[in-house]
file structure-v9.csv (CSV, C-alpha atoms and all ligand atoms)
chain,number,residue,atom,x,y,z
A,1084,MET,CA,0.0,0.0,0.0
A,1085,ASN,CA,1.0,3.6,-0.5
A,1086,PHE,CA,0.6,6.2,2.3
A,1087,SER,CA,1.3,10.0,2.3
A,1088,VAL,CA,2.9,11.6,5.3
A,1089,ALA,CA,3.3,15.3,5.9
A,1090,VAL,CA,6.6,15.8,7.8
A,1091,ILE,CA,7.2,18.9,9.8
A,1092,PRO,CA,10.7,18.5,11.4
A,1093,GLY,CA,10.3,21.8,13.1
A,1094,ASP,CA,12.8,23.4,15.5
A,1095,GLY,CA,15.6,22.3,17.9
A,1096,VAL,CA,16.1,18.6,18.1
A,1097,GLY,CA,13.0,18.1,15.8
A,1098,PRO,CA,14.9,17.5,12.5
A,1099,GLU,CA,17.4,15.0,14.0
A,1100,VAL,CA,14.8,12.8,15.7
A,1101,ILE,CA,12.4,13.0,12.8
A,1102,ALA,CA,15.1,11.8,10.4
A,1103,ARG,CA,15.4,8.6,12.6
A,1104,ALA,CA,11.7,8.2,12.6
A,1105,THR,CA,11.3,8.4,8.8
A,1106,GLU,CA,14.1,5.9,8.5
A,1107,ALA,CA,12.3,3.5,10.8
A,1108,LEU,CA,9.1,4.0,8.8
A,1109,ASP,CA,10.9,3.2,5.6
A,1110,ALA,CA,12.4,0.1,7.2
A,1111,VAL,CA,8.9,-1.0,8.2
A,1112,GLY,CA,7.8,-0.3,4.6
A,1113,ASP,CA,10.6,-2.4,3.1
A,1114,ILE,CA,9.8,-5.3,5.3
A,1115,TYR,CA,6.0,-5.3,5.0
A,1116,GLY,CA,5.7,-4.0,1.4
A,1117,HIS,CA,4.4,-0.4,1.9
A,1118,VAL,CA,5.6,2.8,0.5
A,1119,PHE,CA,5.5,6.0,2.5
A,1120,ASN,CA,5.6,9.3,0.5
A,1121,TYR,CA,6.8,12.3,2.5
A,1122,VAL,CA,5.8,15.9,2.0
A,1123,GLU,CA,8.1,18.1,4.0
A,1124,LEU,CA,6.4,21.2,5.4
A,1125,LEU,CA,7.3,24.3,7.4
A,1126,ALA,CA,5.7,25.3,10.7
A,1127,GLY,CA,6.9,26.8,14.0
A,1128,GLY,CA,10.0,28.8,14.5
A,1129,ARG,CA,11.6,28.0,11.2
A,1130,ALA,CA,8.5,29.0,9.4
A,1131,ILE,CA,8.5,32.3,11.2
A,1132,ASP,CA,12.1,32.9,10.0
A,1133,GLU,CA,11.5,31.8,6.5
A,1134,THR,CA,7.9,33.1,5.8
A,1135,GLY,CA,7.0,35.4,8.7
A,1136,SER,CA,4.2,33.1,9.9
A,1137,PRO,CA,4.2,30.2,12.4
A,1138,LEU,CA,1.7,28.3,10.2
A,1139,PRO,CA,1.9,29.3,6.5
A,1140,PRO,CA,-1.5,28.6,4.8
A,1141,GLU,CA,0.3,26.2,2.3
A,1142,THR,CA,1.4,24.1,5.2
A,1143,LEU,CA,-2.2,23.5,6.5
A,1144,GLU,CA,-3.4,23.0,3.0
A,1145,ALA,CA,-0.8,20.4,2.2
A,1146,ALA,CA,-1.2,18.7,5.6
A,1147,ARG,CA,-4.9,18.3,4.9
A,1148,GLN,CA,-4.0,16.3,1.8
A,1149,CYS,CA,-2.0,13.7,3.7
A,1150,GLY,CA,-3.1,10.7,5.7
A,1151,ALA,CA,-1.0,11.7,8.7
A,1152,VAL,CA,1.4,14.4,10.0
A,1153,LEU,CA,4.7,13.6,11.6
A,1154,LEU,CA,5.9,16.5,13.7
A,1155,GLY,CA,9.2,17.1,15.5
A,1156,ALA,CA,9.0,20.0,17.8
A,1157,MET,CA,8.3,23.7,17.7
A,1158,GLY,CA,9.7,26.7,19.5
A,1159,GLY,CA,13.0,27.9,21.1
A,1160,PRO,CA,14.5,30.9,22.8
A,1161,GLY,CA,14.9,32.8,19.5
A,1162,TRP,CA,11.2,33.3,19.2
A,1163,ASP,CA,10.2,33.9,22.8
A,1164,ALA,CA,10.0,37.6,22.6
A,1165,LEU,CA,7.4,37.6,19.8
A,1166,PRO,CA,3.8,38.7,20.5
A,1167,GLY,CA,1.3,35.8,21.3
A,1168,HIS,CA,-0.2,35.5,17.8
A,1169,LEU,CA,3.3,35.2,16.2
A,1170,ARG,CA,4.8,32.7,18.5
A,1171,PRO,CA,5.7,29.1,17.3
A,1172,GLU,CA,3.1,27.7,19.6
A,1173,ARG,CA,0.5,29.4,17.5
A,1174,GLY,CA,1.6,27.2,14.7
A,1175,LEU,CA,0.9,24.1,16.8
A,1176,LEU,CA,-2.5,25.3,18.0
A,1177,GLY,CA,-3.5,26.3,14.4
A,1178,LEU,CA,-2.4,23.0,13.1
A,1179,ARG,CA,-4.4,21.1,15.7
A,1180,ALA,CA,-7.5,23.2,15.0
A,1181,GLY,CA,-7.1,23.2,11.3
A,1182,LEU,CA,-6.8,19.4,11.1
A,1183,GLY,CA,-9.6,18.9,13.7
A,1184,VAL,CA,-7.5,16.6,15.8
A,1185,PHE,CA,-9.8,16.7,18.9
A,1186,ALA,CA,-8.4,13.8,20.8
A,1187,ASN,CA,-4.8,13.7,22.1
A,1188,LEU,CA,-3.5,10.4,23.3
A,1189,ARG,CA,-0.6,10.5,25.7
A,1190,PRO,CA,0.4,7.1,26.9
A,1191,ALA,CA,2.6,7.0,30.1
A,1192,ALA,CA,3.8,3.6,31.2
A,1193,LEU,CA,6.8,2.6,33.3
A,1194,LEU,CA,9.0,0.3,31.3
A,1195,PRO,CA,10.7,-2.4,33.3
A,1196,GLN,CA,14.1,-1.6,31.7
A,1197,LEU,CA,13.8,2.0,33.1
A,1198,ARG,CA,12.5,1.0,36.5
A,1199,ALA,CA,14.9,3.1,38.4
A,1200,ALA,CA,14.0,6.2,36.3
A,1201,CYS,CA,10.8,6.6,38.1
A,1202,PRO,CA,11.1,9.2,40.9
A,1203,LEU,CA,8.5,7.4,43.1
A,1204,LYS,CA,9.7,5.4,46.1
A,1205,ASP,CA,9.7,1.6,46.1
A,1206,GLU,CA,6.8,1.5,48.6
A,1207,VAL,CA,4.6,3.7,46.4
A,1208,LEU,CA,5.4,1.7,43.3
A,1209,ALA,CA,4.9,-1.6,45.1
A,1210,ALA,CA,1.5,-0.5,46.3
A,1211,SER,CA,0.7,0.6,42.8
A,1212,ASN,CA,0.5,-2.4,40.6
A,1213,VAL,CA,-0.8,-3.5,37.2
A,1214,GLU,CA,-1.7,-7.1,36.9
A,1215,GLY,CA,0.4,-8.0,39.9
A,1216,LYS,CA,3.6,-6.2,38.9
A,1217,PRO,CA,4.8,-2.9,40.5
A,1218,ALA,CA,4.2,-0.6,37.6
A,1219,PHE,CA,1.8,1.8,36.0
A,1220,ASP,CA,0.5,1.9,32.4
A,1221,MET,CA,-2.0,4.7,31.7
A,1222,LEU,CA,-3.3,6.5,28.7
A,1223,ILE,CA,-4.3,10.2,29.0
A,1224,VAL,CA,-6.8,11.2,26.5
A,1225,ARG,CA,-6.9,15.0,26.4
A,1226,GLU,CA,-9.5,17.1,24.5
A,1227,LEU,CA,-7.4,19.1,22.1
A,1228,THR,CA,-9.4,21.6,20.0
A,1229,GLY,CA,-11.8,23.1,22.5
A,1230,GLY,CA,-12.1,24.5,26.0
A,1231,ILE,CA,-10.1,27.4,27.4
A,1232,TYR,CA,-7.4,27.1,24.8
A,1233,PHE,CA,-9.8,28.1,22.1
A,1234,GLY,CA,-12.6,29.9,24.0
A,1235,GLU,CA,-13.4,33.6,23.9
A,1236,ARG,CA,-10.6,35.6,25.5
A,1237,GLY,CA,-9.9,39.3,25.8
A,1238,ARG,CA,-9.1,42.4,27.7
A,1239,ILE,CA,-11.4,44.8,29.4
A,1240,GLU,CA,-10.1,48.3,29.5
A,1241,SER,CA,-11.5,49.9,32.6
A,1242,GLY,CA,-9.7,50.9,35.8
A,1243,ARG,CA,-6.4,49.2,35.7
A,1244,GLY,CA,-7.8,46.6,33.2
A,1245,ALA,CA,-8.9,43.0,33.4
A,1246,ALA,CA,-8.4,39.9,31.2
A,1247,PHE,CA,-10.4,36.7,30.7
A,1248,ASP,CA,-10.3,33.3,29.0
A,1249,THR,CA,-13.4,31.1,28.7
A,1250,GLU,CA,-13.9,27.4,29.2
A,1251,LYS,CA,-16.8,26.3,27.0
A,1252,TYR,CA,-17.6,22.8,25.7
A,1253,SER,CA,-20.5,21.6,23.5
A,1254,TRP,CA,-22.2,18.2,24.0
A,1255,GLU,CA,-20.6,17.0,20.7
A,1256,GLU,CA,-17.1,18.0,21.7
A,1257,ILE,CA,-17.3,16.2,25.0
A,1258,GLU,CA,-19.1,13.1,23.5
A,1259,ARG,CA,-16.5,12.4,20.8
A,1260,VAL,CA,-13.5,12.7,23.0
A,1261,LEU,CA,-15.2,10.5,25.6
A,1262,ARG,CA,-15.8,7.9,22.9
A,1263,VAL,CA,-12.1,7.9,22.0
A,1264,GLY,CA,-11.4,7.2,25.7
A,1265,TYR,CA,-13.9,4.3,25.9
A,1266,ALA,CA,-12.8,2.8,22.6
A,1267,SER,CA,-9.1,3.0,23.8
A,1268,SER,CA,-10.0,1.4,27.2
A,1269,ALA,CA,-11.9,-1.4,25.5
A,1270,ALA,CA,-8.6,-2.8,24.3
A,1271,ARG,CA,-6.9,-2.2,27.7
A,1272,ARG,CA,-8.0,-2.7,31.3
A,1273,LYS,CA,-11.5,-1.4,30.8
A,1274,LYS,CA,-11.5,1.5,33.2
A,1275,VAL,CA,-12.2,5.2,32.3
A,1276,CYS,CA,-11.6,7.9,34.8
A,1277,ILE,CA,-13.0,11.3,33.9
A,1278,VAL,CA,-11.0,14.2,35.5
A,1279,ASP,CA,-12.8,17.5,36.0
A,1280,LYS,CA,-13.6,20.2,38.5
A,1281,ALA,CA,-17.3,19.5,38.9
A,1282,ASN,CA,-17.4,20.8,42.4
A,1283,VAL,CA,-16.8,24.3,41.0
A,1284,MET,CA,-17.2,24.5,37.2
A,1285,GLU,CA,-20.5,24.3,35.3
A,1286,SER,CA,-18.7,23.0,32.2
A,1287,SER,CA,-17.4,20.1,34.3
A,1288,ARG,CA,-20.9,19.3,35.5
A,1289,PHE,CA,-21.9,19.2,31.9
A,1290,TRP,CA,-19.1,16.8,31.1
A,1291,ARG,CA,-20.6,14.4,33.7
A,1292,GLU,CA,-24.0,14.7,32.2
A,1293,VAL,CA,-22.6,13.7,28.8
A,1294,ALA,CA,-20.5,10.9,30.4
A,1295,ALA,CA,-23.6,9.5,32.1
A,1296,GLU,CA,-25.2,9.0,28.6
A,1297,VAL,CA,-22.1,7.9,26.7
A,1298,SER,CA,-21.0,5.4,29.3
A,1299,LYS,CA,-24.3,3.4,28.7
A,1300,ASP,CA,-22.9,2.4,25.4
A,1301,TYR,CA,-19.9,0.7,27.1
A,1302,PRO,CA,-21.4,-1.4,29.9
A,1303,ASP,CA,-18.3,-3.5,30.4
A,1304,ILE,CA,-16.1,-0.5,31.1
A,1305,GLU,CA,-16.0,1.0,34.5
A,1306,THR,CA,-16.5,4.7,34.7
A,1307,SER,CA,-15.2,6.8,37.6
A,1308,TYR,CA,-14.8,10.6,38.3
A,1309,LEU,CA,-12.0,12.5,40.0
A,1310,TYR,CA,-11.6,16.2,40.7
A,1311,VAL,CA,-8.4,17.4,39.0
A,1312,ASP,CA,-6.7,18.4,42.3
A,1313,ASN,CA,-7.3,14.9,43.7
A,1314,ALA,CA,-6.2,13.4,40.3
A,1315,ALA,CA,-2.9,15.3,40.5
A,1316,MET,CA,-2.4,13.8,44.0
A,1317,GLN,CA,-3.4,10.2,43.0
A,1318,LEU,CA,-1.0,10.2,40.1
A,1319,ILE,CA,2.0,10.4,42.5
A,1320,ARG,CA,0.3,8.4,45.3
A,1321,ALA,CA,-0.9,5.3,43.3
A,1322,PRO,CA,-0.5,5.7,39.5
A,1323,GLY,CA,-1.3,2.0,38.9
A,1324,GLN,CA,-5.0,2.7,39.6
A,1325,PHE,CA,-5.3,4.5,36.2
A,1326,ASP,CA,-6.1,2.8,32.9
A,1327,VAL,CA,-7.6,5.6,30.7
A,1328,ILE,CA,-8.0,9.2,31.9
A,1329,VAL,CA,-10.2,11.4,29.8
A,1330,THR,CA,-10.1,15.2,30.5
A,1331,SER,CA,-10.3,18.7,29.1
A,1332,ASN,CA,-7.7,20.5,27.1
A,1333,MET,CA,-6.0,22.4,30.0
A,1334,PHE,CA,-6.3,19.7,32.7
A,1335,GLY,CA,-4.9,17.2,30.2
A,1336,ASP,CA,-2.0,19.5,29.4
A,1337,ILE,CA,-1.1,19.7,33.1
A,1338,LEU,CA,-1.7,16.1,34.1
A,1339,SER,CA,0.2,14.7,31.1
A,1340,ASP,CA,3.4,16.6,32.1
A,1341,GLU,CA,3.0,15.2,35.6
A,1342,ALA,CA,2.5,11.7,34.3
A,1343,SER,CA,5.5,12.0,32.0
A,1344,VAL,CA,7.9,12.7,34.9
A,1345,LEU,CA,6.7,9.5,36.5
A,1346,THR,CA,8.1,7.4,33.6
A,1347,GLY,CA,11.4,9.2,34.2
A,1348,SER,CA,12.0,9.5,30.5
A,1349,ILE,CA,10.3,12.3,28.6
A,1350,GLY,CA,12.6,11.3,25.7
A,1351,MET,CA,10.6,8.1,25.4
A,1352,LEU,CA,7.0,9.3,25.2
A,1353,PRO,CA,5.1,9.5,21.9
A,1354,SER,CA,1.7,11.1,21.3
A,1355,ALA,CA,-1.1,10.9,18.8
A,1356,SER,CA,-3.7,13.5,18.1
A,1357,LEU,CA,-6.7,12.1,16.2
A,1358,ALA,CA,-9.5,13.6,14.1
A,1359,GLY,CA,-11.8,10.7,14.7
A,1360,ILE,CA,-12.6,7.7,16.9
A,1361,PRO,CA,-10.3,4.8,16.2
A,1362,GLY,CA,-11.9,1.4,15.7
A,1363,THR,CA,-15.2,2.7,14.5
A,1364,ALA,CA,-16.7,3.0,11.0
A,1365,GLY,CA,-14.4,5.1,9.0
A,1366,GLY,CA,-11.9,3.8,11.4
A,1367,SER,CA,-8.4,5.2,10.7
A,1368,PRO,CA,-8.6,8.9,11.4
A,1369,ARG,CA,-6.1,11.5,10.3
A,1370,GLY,CA,-3.7,12.3,13.0
A,1371,ILE,CA,-0.7,14.4,14.1
A,1372,TYR,CA,2.0,12.3,15.7
A,1373,GLU,CA,4.8,13.9,17.7
A,1374,PRO,CA,7.2,13.1,20.5
A,1375,ILE,CA,6.1,15.0,23.6
A,1376,HIS,CA,9.7,16.2,24.6
A,1377,GLY,CA,9.7,19.5,22.7
A,1378,SER,CA,12.5,21.2,20.9
A,1379,ALA,CA,15.2,21.0,23.6
A,1380,PRO,CA,17.4,23.7,22.0
A,1381,ASP,CA,20.2,23.2,24.4
A,1382,ILE,CA,21.0,19.8,23.0
A,1383,ALA,CA,20.0,20.4,19.3
A,1384,GLY,CA,22.5,19.3,16.7
A,1385,LYS,CA,24.7,17.4,19.1
A,1386,ASN,CA,23.6,13.9,18.2
A,1387,ILE,CA,22.5,13.2,21.8
A,1388,ALA,CA,18.7,13.6,21.6
A,1389,ASN,CA,16.7,10.4,22.2
A,1390,PRO,CA,15.0,9.4,19.0
A,1391,LEU,CA,12.8,6.7,20.6
A,1392,ALA,CA,9.8,9.0,21.3
A,1393,ALA,CA,9.7,10.0,17.6
A,1394,ILE,CA,10.1,6.4,16.5
A,1395,LEU,CA,7.3,5.3,18.8
A,1396,SER,CA,5.2,8.2,17.4
A,1397,VAL,CA,5.6,6.6,14.0
A,1398,ALA,CA,4.3,3.3,15.6
A,1399,LEU,CA,1.2,5.1,16.7
A,1400,MET,CA,0.8,6.5,13.2
A,1401,LEU,CA,0.9,3.0,11.7
A,1402,ARG,CA,-1.7,1.9,14.3
A,1403,TYR,CA,-4.2,4.7,14.3
A,1404,SER,CA,-4.1,6.5,10.9
A,1405,PHE,CA,-3.0,3.6,8.6
A,1406,GLY,CA,-4.6,0.7,10.4
A,1407,LEU,CA,-1.3,-1.3,10.4
A,1408,GLU,CA,-1.3,-2.9,13.8
A,1409,LYS,CA,1.1,-5.7,13.0
A,1410,GLU,CA,3.6,-3.2,11.7
A,1411,ALA,CA,3.1,-0.9,14.7
A,1412,ALA,CA,3.7,-3.7,17.1
A,1413,ALA,CA,6.8,-4.9,15.3
A,1414,LEU,CA,8.3,-1.4,15.6
A,1415,GLU,CA,7.4,-1.2,19.3
A,1416,ALA,CA,8.9,-4.6,19.9
A,1417,ALA,CA,12.2,-3.5,18.1
A,1418,VAL,CA,12.5,-0.5,20.5
A,1419,ASN,CA,11.9,-2.9,23.4
A,1420,ARG,CA,14.7,-5.2,22.3
A,1421,VAL,CA,17.1,-2.3,21.9
A,1422,LEU,CA,16.4,-1.3,25.5
A,1423,ASP,CA,16.8,-5.0,26.6
A,1424,LYS,CA,20.2,-5.0,25.1
A,1425,GLY,CA,21.2,-2.1,27.3
A,1426,LEU,CA,21.4,0.6,24.7
A,1427,ARG,CA,20.7,4.1,26.2
A,1428,THR,CA,20.8,7.7,25.0
A,1429,SER,CA,22.2,9.8,27.8
A,1430,ASP,CA,18.8,11.0,29.0
A,1431,ILE,CA,17.8,7.5,30.0
A,1432,ALA,CA,21.3,6.3,31.0
A,1433,GLY,CA,22.1,5.1,34.5
A,1434,ARG,CA,18.4,4.7,35.2
A,1435,GLY,CA,18.2,0.9,35.1
A,1436,GLY,CA,20.4,0.4,38.1
A,1437,ASP,CA,22.8,-1.9,36.4
A,1438,ASN,CA,26.2,-1.6,34.6
A,1439,THR,CA,25.4,-3.4,31.4
A,1440,GLU,CA,24.3,-0.2,29.7
A,1441,LYS,CA,25.9,1.3,26.6
A,1442,ILE,CA,25.5,5.0,25.9
A,1443,VAL,CA,24.8,5.8,22.3
A,1444,GLY,CA,23.9,8.9,20.3
A,1445,THR,CA,20.8,9.8,18.3
A,1446,GLN,CA,22.0,8.2,15.1
A,1447,GLU,CA,23.3,5.0,16.7
A,1448,MET,CA,20.1,4.5,18.6
A,1449,GLY,CA,18.1,4.9,15.4
A,1450,ALA,CA,20.3,2.5,13.6
A,1451,ALA,CA,20.0,0.0,16.4
A,1452,VAL,CA,16.2,0.0,16.1
A,1453,LEU,CA,16.4,-0.6,12.4
A,1454,LYS,CA,18.8,-3.5,13.0
A,1455,ALA,CA,16.5,-5.0,15.7
A,1456,LEU,CA,13.6,-4.7,13.3
A,1457,GLU,CA,15.5,-6.4,10.4
A,1458,ASP,CA,17.2,-9.1,12.5
A,1459,HIS,CA,13.9,-10.1,14.0
A,1460,TRP,CA,12.3,-10.3,10.6
A,1461,GLU,CA,15.1,-12.6,9.3
A,1462,LYS,CA,15.0,-14.8,12.4
A,1463,LYS,CA,11.4,-15.4,11.9
A,1464,GLY,CA,12.4,-16.5,8.4
A,1465,GLN,CA,9.9,-14.4,6.6
A,1466,GLY,CA,10.4,-12.4,3.5
B,1,LIG,C1,1.6,20.5,24.8
B,1,LIG,C2,2.3,21.9,24.9
B,1,LIG,C3,1.4,22.9,24.2
B,1,LIG,C4,0.0,22.9,24.8
B,1,LIG,C5,2.0,24.3,24.1
B,1,LIG,C6,3.4,24.3,23.5
B,1,LIG,C7,1.1,25.2,23.4
B,1,LIG,O1,2.4,22.2,26.2
B,1,LIG,O2,1.5,20.0,23.7
B,1,LIG,O3,1.3,19.9,25.8
B,1,LIG,O4,-0.2,23.6,25.8
B,1,LIG,O5,-0.8,22.2,24.3
B,2,MG,MG,2.0,20.7,27.6

call {"tool": "encode", "arguments": {"input": "structure-v9.csv", "output": "structure tokens"}}
result
Amino acid sequence: MNFSVAVIPGDGVGPEVIARATEALDAVGDIYGHVFNYVELLAGGRAIDETGSPLPPETLEAARQCGAVLLGAMGGPGWDALPGHLRPERGLLGLRAGLGVFANLRPAALLPQLRAACPLKDEVLAASNVEGKPAFDMLIVRELTGGIYFGERGRIESGRGAAFDTEKYSWEEIERVLRVGYASSAARRKKVCIVDKANVMESSRFWREVAAEVSKDYPDIETSYLYVDNAAMQLIRAPGQFDVIVTSNMFGDILSDEASVLTGSIGMLPSASLAGIPGTAGGSPRGIYEPIHGSAPDIAGKNIANPLAAILSVALMLRYSFGLEKEAAALEAAVNRVLDKGLRTSDIAGRGGDNTEKIVGTQEMGAAVLKALEDHWEKKGQG
């Protein structure tokens, strides 16, 4: 099969990790007989430098023609002084809204190979287990194109002035992101926790009304509710209790940063932002796939950034937008084998508590994943 991928390498370490990710995608294509056609596009800081806009209209137009978008990172100190509507982040928000990717999936699991990377104490982790093992494995589903990020905002010029931002959600916006949460949980541990601030906010009480209806369609999935302040506490108290968390744009932004620290390895975490509900009719929604680590300008161009989050983002692309589950799983398994062998980029080194580790750079790590993918394929004797 042929697939089109819009590639936005972006700023900072974006280009170097995205180069490793497209190599991995090509290797998957060679093995399984697919062709991925790339269309390279500009957005973020580089787009500001080259075109004056963080999201040139051609970028959005071209991205809409592709099956999926692979994004590196946007932003850096060079563009921090610009006014709000010209900042690189505007490019990101415009791309999300323009492609209608309303559901942001941020998996956060503790990998056994990186056990010592988790800042939680042994007792906390031991009390927090998934299927009998001290660990956690959660998926945060964050609403991405609504709420306070996109609500009415402004300034009021009276006295010394005032400013406001608005949290507003329609039934449809809530329903569709909840359905992504339930559909995801169905293939996991069948627990959905809705995080809100229903003791204070009307919009949260409305989320619960929608959830009461939508949950009826998923009788074998347990639904629970937590206030966001309590959820922030539970995440560090007993993270193993969570399967799928579904929440609003801003709460999801905050909680997903917290969850990422628990894995000890922000350089490992991929994300998917989807314009539809996976596993339903019309089943493989368009998506934006990006590592969550950001542009990390301090280490850009030094061949030390961890490419695994970008490579794992490609696995999510295969799974969600292209419906290629076998290929996605093969890539994820290759990453796992490379970690099993002790290969580490410096951000995840010294975290496994043993001395069998080998520190490698961005390129070597990417090459190791390709090799693990190909070796495994040959060992299985398929071609
Ligand atoms: C994220 C980031 C963005 C967000 C910023 C860069 C606008 O923090 O993807 O989590 O707040 O959504
Ligand atoms: Mg964030």

call {"tool": "residues_around", "arguments": {"input": "structure-v9.csv", "residues": "Pro1139 (chain A)", "least_positions_apart": "3", "cutoff": "12 Å", "atoms": "all atoms listed in the file", "output": "list in words"}}
result
Leu1124, Leu1125, Ala1126, Gly1127, Gly1128, Arg1129, Ala1130, Ile1131, Asp1132, Glu1133, Thr1134, Gly1135, Ser1136, Thr1142, Leu1143, Glu1144, Ala1145, Ala1146, Leu1169, Pro1171, Arg1173, Gly1174, Leu1175, Gly1177, Leu1178 and Gly1181 of chain A

call {"tool": "residues_around", "arguments": {"input": "structure-v9.csv", "residues": "Gly1159 (chain A)", "least_positions_apart": "4", "cutoff": "8 Å", "atoms": "all atoms listed in the file", "output": "number ranges by chain"}}
result
A: 1094-1095, 1128, 1163, 1378-1380

call {"tool": "residues_near_ligand", "arguments": {"input": "structure-v9.csv", "ligand": "ligand MG 2 (chain B)", "cutoff": "12 Å", "atoms": "only C-alpha atoms and all ligand atoms", "output": "list of chain:residue names"}}
result
A:Glu1172, A:Leu1175, A:Leu1176, A:Asn1187, A:Arg1189, A:Arg1225, A:Leu1227, A:Tyr1232, A:Asn1332, A:Met1333, A:Phe1334, A:Gly1335, A:Asp1336, A:Ile1337, A:Leu1338, A:Ser1339, A:Asp1340, A:Glu1341, A:Ala1342, A:Ser1343, A:Ile1349, A:Ser1354, A:Pro1374, A:Ile1375, A:His1376, A:Gly1377

call {"tool": "closest_residue", "arguments": {"input": "structure-v9.csv", "among": "A:Leu1222, A:Val1111, A:Ile1231, A:Val1096", "to": "ligand LIG 1 (chain B)", "atoms": "all atoms listed in the file"}}
result
A:Ile1231

call {"tool": "atom_distance", "arguments": {"input": "structure-v9.csv", "atom1": "CA of Gly1347 (chain A)", "atom2": "CA of Gln1196 (chain A)"}}
result
11.4 Å

call {"tool": "residues_around", "arguments": {"input": "structure-v9.csv", "residues": "region 1441-1455 of chain A", "least_positions_apart": "2", "cutoff": "9 Å", "atoms": "all atoms listed in the file", "output": "VMD selection string"}}
result
chain A and resid 1099 to 1100 1103 to 1104 1106 to 1107 1110 to 1111 1385 to 1391 1394 1414 1416 to 1421 1424 to 1429 1432 1438 to 1439 1457 to 1460

call {"tool": "write_last_selection", "arguments": {"input": "structure-v9.csv", "atoms": "C-alpha atoms", "output": "PDB file, in the coordinates of the input"}}
result
ATOM      1  CA  GLU A1099      17.400  15.000  14.000  1.00  0.00           C
ATOM      2  CA  VAL A1100      14.800  12.800  15.700  1.00  0.00           C
ATOM      3  CA  ARG A1103      15.400   8.600  12.600  1.00  0.00           C
ATOM      4  CA  ALA A1104      11.700   8.200  12.600  1.00  0.00           C
ATOM      5  CA  GLU A1106      14.100   5.900   8.500  1.00  0.00           C
ATOM      6  CA  ALA A1107      12.300   3.500  10.800  1.00  0.00           C
ATOM      7  CA  ALA A1110      12.400   0.100   7.200  1.00  0.00           C
ATOM      8  CA  VAL A1111       8.900  -1.000   8.200  1.00  0.00           C
ATOM      9  CA  LYS A1385      24.700  17.400  19.100  1.00  0.00           C
ATOM     10  CA  ASN A1386      23.600  13.900  18.200  1.00  0.00           C
ATOM     11  CA  ILE A1387      22.500  13.200  21.800  1.00  0.00           C
ATOM     12  CA  ALA A1388      18.700  13.600  21.600  1.00  0.00           C
ATOM     13  CA  ASN A1389      16.700  10.400  22.200  1.00  0.00           C
ATOM     14  CA  PRO A1390      15.000   9.400  19.000  1.00  0.00           C
ATOM     15  CA  LEU A1391      12.800   6.700  20.600  1.00  0.00           C
ATOM     16  CA  ILE A1394      10.100   6.400  16.500  1.00  0.00           C
ATOM     17  CA  LEU A1414       8.300  -1.400  15.600  1.00  0.00           C
ATOM     18  CA  ALA A1416       8.900  -4.600  19.900  1.00  0.00           C
ATOM     19  CA  ALA A1417      12.200  -3.500  18.100  1.00  0.00           C
ATOM     20  CA  VAL A1418      12.500  -0.500  20.500  1.00  0.00           C
ATOM     21  CA  ASN A1419      11.900  -2.900  23.400  1.00  0.00           C
ATOM     22  CA  ARG A1420      14.700  -5.200  22.300  1.00  0.00           C
ATOM     23  CA  VAL A1421      17.100  -2.300  21.900  1.00  0.00           C
ATOM     24  CA  LYS A1424      20.200  -5.000  25.100  1.00  0.00           C
ATOM     25  CA  GLY A1425      21.200  -2.100  27.300  1.00  0.00           C
ATOM     26  CA  LEU A1426      21.400   0.600  24.700  1.00  0.00           C
ATOM     27  CA  ARG A1427      20.700   4.100  26.200  1.00  0.00           C
ATOM     28  CA  THR A1428      20.800   7.700  25.000  1.00  0.00           C
ATOM     29  CA  SER A1429      22.200   9.800  27.800  1.00  0.00           C
ATOM     30  CA  ALA A1432      21.300   6.300  31.000  1.00  0.00           C
ATOM     31  CA  ASN A1438      26.200  -1.600  34.600  1.00  0.00           C
ATOM     32  CA  THR A1439      25.400  -3.400  31.400  1.00  0.00           C
ATOM     33  CA  GLU A1457      15.500  -6.400  10.400  1.00  0.00           C
ATOM     34  CA  ASP A1458      17.200  -9.100  12.500  1.00  0.00           C
ATOM     35  CA  HIS A1459      13.900 -10.100  14.000  1.00  0.00           C
ATOM     36  CA  TRP A1460      12.300 -10.300  10.600  1.00  0.00           C
TER      37      TRP A1460
END

call {"tool": "atom_distance", "arguments": {"input": "structure-v9.csv", "atom1": "CA of Val1184 (chain A)", "atom2": "atom C4 of ligand LIG 1 (chain B)"}}
result
13.3 Å

call {"tool": "atom_distance", "arguments": {"input": "structure-v9.csv", "atom1": "CA of Val1207 (chain A)", "atom2": "CA of Ile1319 (chain A)"}}
result
8.2 Å

call {"tool": "closest_residue", "arguments": {"input": "structure-v9.csv", "among": "A:Ser1404, A:Ser1267, A:Gln1324, A:Gln1148", "to": "Ala1358 (chain A)", "atoms": "all atoms listed in the file"}}
result
A:Ser1404

call {"tool": "residues_around", "arguments": {"input": "structure-v9.csv", "residues": "region 1258-1260 of chain A", "least_positions_apart": "2", "cutoff": "10 Å", "atoms": "all atoms listed in the file", "output": "list of chain:residue names"}}
result
A:Phe1185, A:Ala1186, A:Asn1187, A:Val1224, A:Arg1225, A:Glu1226, A:Leu1227, A:Ser1253, A:Trp1254, A:Glu1255, A:Glu1256, A:Arg1262, A:Val1263, A:Gly1264, A:Tyr1265, A:Ala1266, A:Trp1290, A:Val1293, A:Ala1294, A:Glu1296, A:Val1297, A:Ser1298, A:Val1329, A:Thr1330, A:Ser1331, A:Leu1357, A:Ala1358, A:Gly1359, A:Ile1360

call {"tool": "residues_near_point", "arguments": {"input": "structure-v9.csv", "point": "(-4.6, 10.7, 2.9)", "cutoff": "9 Å", "atoms": "all atoms listed in the file", "output": "PyMOL selection string"}}
result
chain A and resi 1086-1088+1147-1151+1369
